[in-house]
file run-v5.cif (mmCIF, C-alpha atoms)
data_structure
loop_
_atom_site.label_atom_id
_atom_site.label_comp_id
_atom_site.auth_asym_id
_atom_site.auth_seq_id
_atom_site.Cartn_x
_atom_site.Cartn_y
_atom_site.Cartn_z
CA MET A 1 0.00 0.00 0.00
CA LEU A 2 2.69 2.51 1.00
CA TRP A 3 4.84 1.39 -1.91
CA GLY A 4 2.02 2.16 -4.36
CA LEU A 5 1.39 5.57 -2.76
CA GLY A 6 5.11 6.39 -2.93
CA LEU A 7 5.21 5.40 -6.60
CA LEU A 8 2.16 7.58 -7.29
CA VAL A 9 3.84 10.58 -5.60
CA ILE A 10 7.07 10.02 -7.57
CA VAL A 11 5.15 9.81 -10.87
CA GLY A 12 3.16 12.95 -10.00
CA VAL A 13 6.26 14.93 -9.08
CA GLY A 14 8.06 13.66 -12.18
CA PHE A 15 5.19 14.75 -14.41
CA GLY A 16 5.12 18.17 -12.73
CA VAL A 17 8.87 18.62 -13.30
CA TYR A 18 8.50 17.52 -16.93
CA ALA A 19 5.59 19.95 -17.47
CA ARG A 20 7.48 22.82 -15.85
CA LEU A 21 10.90 22.34 -17.44
CA PHE A 22 10.73 20.24 -20.60
CA ALA A 23 7.24 20.29 -22.17
CA GLY A 24 7.67 23.51 -24.18
CA GLY A 25 4.75 25.23 -22.48
CA PRO A 26 1.78 24.55 -20.24
CA ILE A 27 0.02 21.19 -20.24
CA GLY A 28 -3.68 21.70 -19.59
CA PRO A 29 -4.05 23.47 -16.25
CA LEU A 30 -0.42 22.86 -15.26
CA PRO A 31 1.94 25.77 -15.86
CA GLY A 32 4.98 25.15 -18.00
CA GLY A 33 8.35 26.72 -18.55
CA THR A 34 9.86 28.14 -21.74
CA LEU A 35 7.45 28.18 -24.69
CA SER A 36 8.55 26.25 -27.75
CA GLY A 37 7.99 27.51 -31.28
CA GLU A 38 9.48 29.75 -33.95
CA LEU A 39 10.32 33.29 -32.80
CA SER A 40 8.77 35.79 -35.18
CA THR A 41 10.89 38.81 -36.09
CA GLU A 42 7.89 40.85 -37.29
CA LEU A 43 4.77 41.67 -35.34
CA PRO A 44 1.39 41.85 -37.08
CA ASP A 45 -0.07 45.36 -37.45
CA ASP A 46 -3.51 43.99 -36.59
CA TRP A 47 -4.01 41.02 -34.26
CA THR A 48 -7.73 40.55 -35.02
CA PHE A 49 -6.98 37.21 -36.71
CA ALA A 50 -6.10 35.82 -33.26
CA ASN A 51 -9.76 35.87 -32.19
CA GLN A 52 -10.20 32.57 -34.03
CA VAL A 53 -8.31 30.91 -31.14
CA HIS A 54 -9.81 30.59 -27.64
CA ASN A 55 -6.68 30.52 -25.46
CA LEU A 56 -3.27 32.08 -25.62
CA ASP A 57 -0.03 30.77 -24.11
CA VAL A 58 1.92 33.46 -22.24
CA GLU A 59 5.47 33.14 -20.88
CA SER A 60 6.99 35.38 -18.22
CA ARG A 61 10.60 35.38 -17.07
CA ALA A 62 10.03 37.69 -14.11
CA PHE A 63 11.53 35.41 -11.48
CA ARG A 64 14.13 32.63 -11.50
CA LEU A 65 12.39 30.10 -13.75
CA PRO A 66 10.38 30.85 -16.89
CA TYR A 67 6.65 30.46 -16.25
CA SER A 68 4.09 29.85 -18.97
CA THR A 69 0.36 29.39 -18.76
CA GLY A 70 -2.66 29.39 -21.01
CA THR A 71 -4.94 32.37 -20.53
CA TRP A 72 -8.04 34.01 -21.92
CA PHE A 73 -7.47 36.88 -24.33
CA MET A 74 -9.25 39.13 -26.80
CA ALA A 75 -7.92 41.00 -29.81
CA TYR A 76 -9.59 44.41 -29.63
CA GLU A 77 -8.85 47.45 -31.79
CA GLY A 78 -5.95 45.57 -33.39
CA ARG A 79 -4.15 44.73 -30.10
CA ILE A 80 -4.16 41.57 -27.99
CA HIS A 81 -5.51 41.93 -24.45
CA ILE A 82 -4.84 39.30 -21.77
CA LEU A 83 -7.82 38.69 -19.47
CA LEU A 84 -7.07 37.42 -15.96
CA PRO A 85 -10.22 36.65 -13.92
CA SER A 86 -9.84 36.69 -10.15
CA PHE A 87 -11.20 33.14 -9.79
CA PHE A 88 -8.17 31.72 -11.65
CA VAL A 89 -5.32 31.86 -9.19
CA THR A 90 -2.14 31.99 -11.27
CA GLY A 91 1.30 33.42 -10.79
CA LEU A 92 1.03 35.43 -14.00
CA GLU A 93 -0.43 38.61 -12.50
CA SER A 94 2.31 38.92 -9.84
CA ARG A 95 4.92 38.22 -12.51
CA LEU A 96 3.51 40.94 -14.78
CA ALA A 97 3.70 43.38 -11.87
CA ALA A 98 7.40 42.51 -11.40
CA ASP A 99 8.33 42.50 -15.11
CA PRO A 100 5.82 43.31 -17.88
CA LYS A 101 7.88 41.67 -20.66
CA VAL A 102 6.18 38.53 -21.97
CA ARG A 103 6.41 36.09 -24.85
CA ILE A 104 3.21 34.76 -26.38
CA ARG A 105 2.62 31.72 -28.55
CA LEU A 106 -0.04 31.91 -31.22
CA ALA A 107 -0.40 29.26 -33.94
CA GLY A 108 3.09 27.90 -33.20
CA LYS A 109 4.80 31.31 -33.53
CA LEU A 110 6.34 33.23 -30.65
CA TYR A 111 6.05 37.00 -30.25
CA ASP A 112 7.76 39.23 -27.70
CA GLN A 113 5.42 41.79 -26.14
CA VAL A 114 5.07 44.13 -23.16
CA ALA A 115 1.94 43.92 -20.97
CA VAL A 116 0.34 47.24 -19.99
CA ARG A 117 -2.47 47.12 -17.41
CA VAL A 118 -5.80 48.59 -18.57
CA ASP A 119 -7.55 50.31 -15.67
CA GLU A 120 -10.20 52.41 -17.43
CA GLY A 121 -13.60 50.85 -16.65
CA LEU A 122 -15.37 51.75 -19.90
CA GLN A 123 -12.44 50.53 -22.00
CA ARG A 124 -12.37 47.25 -20.06
CA GLY A 125 -16.10 46.81 -20.70
CA ALA A 126 -15.61 47.39 -24.42
CA ILE A 127 -12.89 44.72 -24.46
CA LEU A 128 -14.83 42.20 -22.37
CA ALA A 129 -18.14 42.39 -24.28
CA PRO A 130 -16.84 40.73 -27.49
CA PHE A 131 -14.91 38.22 -25.36
CA VAL A 132 -18.06 37.13 -23.54
CA ARG A 133 -19.89 36.93 -26.88
CA ARG A 134 -17.10 34.79 -28.38
CA GLN A 135 -16.40 32.48 -25.42
CA MET A 136 -19.88 32.04 -24.04
CA ALA A 137 -22.13 32.78 -27.03
CA ILE A 138 -23.94 35.49 -25.03
CA GLU A 139 -25.07 38.62 -26.82
CA ILE A 140 -24.49 41.85 -24.92
CA SER A 141 -26.09 45.07 -26.08
CA GLY A 142 -27.31 48.36 -24.71
CA GLU A 143 -25.73 50.87 -22.42
CA VAL A 144 -23.25 50.23 -19.66
CA ARG A 145 -25.20 50.44 -16.43
CA ASN A 146 -24.77 49.54 -12.79
CA VAL A 147 -26.76 46.49 -11.75
CA GLU A 148 -27.72 46.03 -8.12
CA ARG A 149 -26.03 42.93 -6.72
CA PRO A 150 -27.59 40.62 -4.15
CA GLU A 151 -25.82 40.68 -0.78
CA SER A 152 -24.69 37.06 -1.15
CA ASP A 153 -23.11 37.70 -4.57
CA THR A 154 -19.33 37.67 -4.78
CA PRO A 155 -18.07 39.94 -7.56
CA VAL A 156 -15.52 38.50 -9.95
CA GLY A 157 -12.64 40.77 -10.74
CA MET A 158 -11.08 40.83 -14.19
CA THR A 159 -7.63 42.27 -14.73
CA VAL A 160 -6.94 43.26 -18.33
CA TYR A 161 -3.51 43.82 -19.90
CA ARG A 162 -2.94 45.23 -23.38
CA LEU A 163 0.07 43.74 -25.19
CA GLU A 164 2.30 46.20 -27.00
CA ASP A 165 5.39 46.07 -29.17
CA PRO A 166 8.47 46.20 -26.90
CA ALA A 167 10.26 48.39 -29.46
CA SER A 168 7.70 51.21 -29.18
#
call {"tool": "encode", "arguments": {"input": "run-v5.cif", "output": "structure tokens"}}
result
Amino acid sequence: MLWGLGLLVIVGVGFGVYARLFAGGPIGPLPGGTLSGELSTELPDDWTFANQVHNLDVESRAFRLPYSTGTWFMAYEGRIHILLPSFFVTGLESRLAADPKVRIRLAGKLYDQVAVRVDEGLQRGAILAPFVRRQMAIEISGEVRNVERPESDTPVGMTVYRLEDPAS
């Protein structure tokens, strides 16, 4: 019994190390290390084509080891925006606060970018509306308005980062 449990722990730890160091990116919900792919020397002028994909792999090198994870995103007004909901606890937000330089993988190509936090409420709403429509097939229309929340409701925060060319 203990032998089997020990073997299970060793296999689990081994898989975690493989995912983190050698897999070339995240594996499902497990974060990975350095993203694999071809580094692109030119950035697209308009990233709208990326909306055909549902998730984006993002790599940060803010701390000792590279950290990559899949995340929600939306191309809006020609730029890619990373969407980090508060109910997904990842290390990406703290890494972006320490160092905003990231590498993204889209369709097997790697692009170097800089993440800039978007704090303007109306701009965030304009970015999130097409995302909700795309991901959840929910149509949103009308004016932005405050909706009274029940006392038992827990609001979900959404942090949005716009990705920009590091050369600009």
call {"tool": "atom_distance", "arguments": {"input": "run-v5.cif", "atom1": "atom CA of A:Thr71", "atom2": "atom CA of A:Glu59"}}
result
10.4 Å
call {"tool": "residues_around", "arguments": {"input": "run-v5.cif", "residues": "stretch 88-104 of chain A", "least_positions_apart": "4", "cutoff": "7 Å", "atoms": "all atoms listed in the file", "output": "PyMOL selection string"}}
result
chain A and resi 57-60+62+110-115
call {"tool": "residues_around", "arguments": {"input": "run-v5.cif", "residues": "A:Asp45", "least_positions_apart": "3", "cutoff": "10 Å", "atoms": "only C-alpha atoms", "output": "list of chain:residue names"}}
result
A:Glu42, A:Thr48, A:Gly78, A:Arg79, A:Asp165
call {"tool": "resolve_selection", "arguments": {"input": "run-v5.cif", "expression": "the PyMOL selection byres ((chain A and resi 159) around 7)", "output": "PyMOL selection string"}}
result
chain A and resi 83-85+157-158+160-161
call {"tool": "closest_residue", "arguments": {"input": "run-v5.cif", "among": "A:Gly37, A:Ser168, A:Gly28, A:Thr154", "to": "A:Ser86", "atoms": "only C-alpha atoms"}}
result
A:Thr154
call {"tool": "resolve_selection", "arguments": {"input": "run-v5.cif", "expression": "the PyMOL selection byres ((chain A and resi 68) around 6)", "output": "VMD selection string"}}
result
chain A and resid 25 to 26 31 to 33 58 to 59 67 69
call {"tool": "atom_distance", "arguments": {"input": "run-v5.cif", "atom1": "atom CA of A:Thr34", "atom2": "atom CA of A:Pro66"}}
result
5.6 Å
call {"tool": "atom_distance", "arguments": {"input": "run-v5.cif", "atom1": "atom CA of A:Gly24", "atom2": "atom CA of A:Ser36"}}
result
4.6 Å
call {"tool": "axis_aligned_box", "arguments": {"input": "run-v5.cif", "around": "stretch 40-58 of chain A", "padding_each_side": "8 Å", "output": "AutoDock Vina command-line options"}}
result
--center_x 0.3 --center_y 37.9 --center_z -29.8 --size_x 37.1 --size_y 30.8 --size_z 31.2
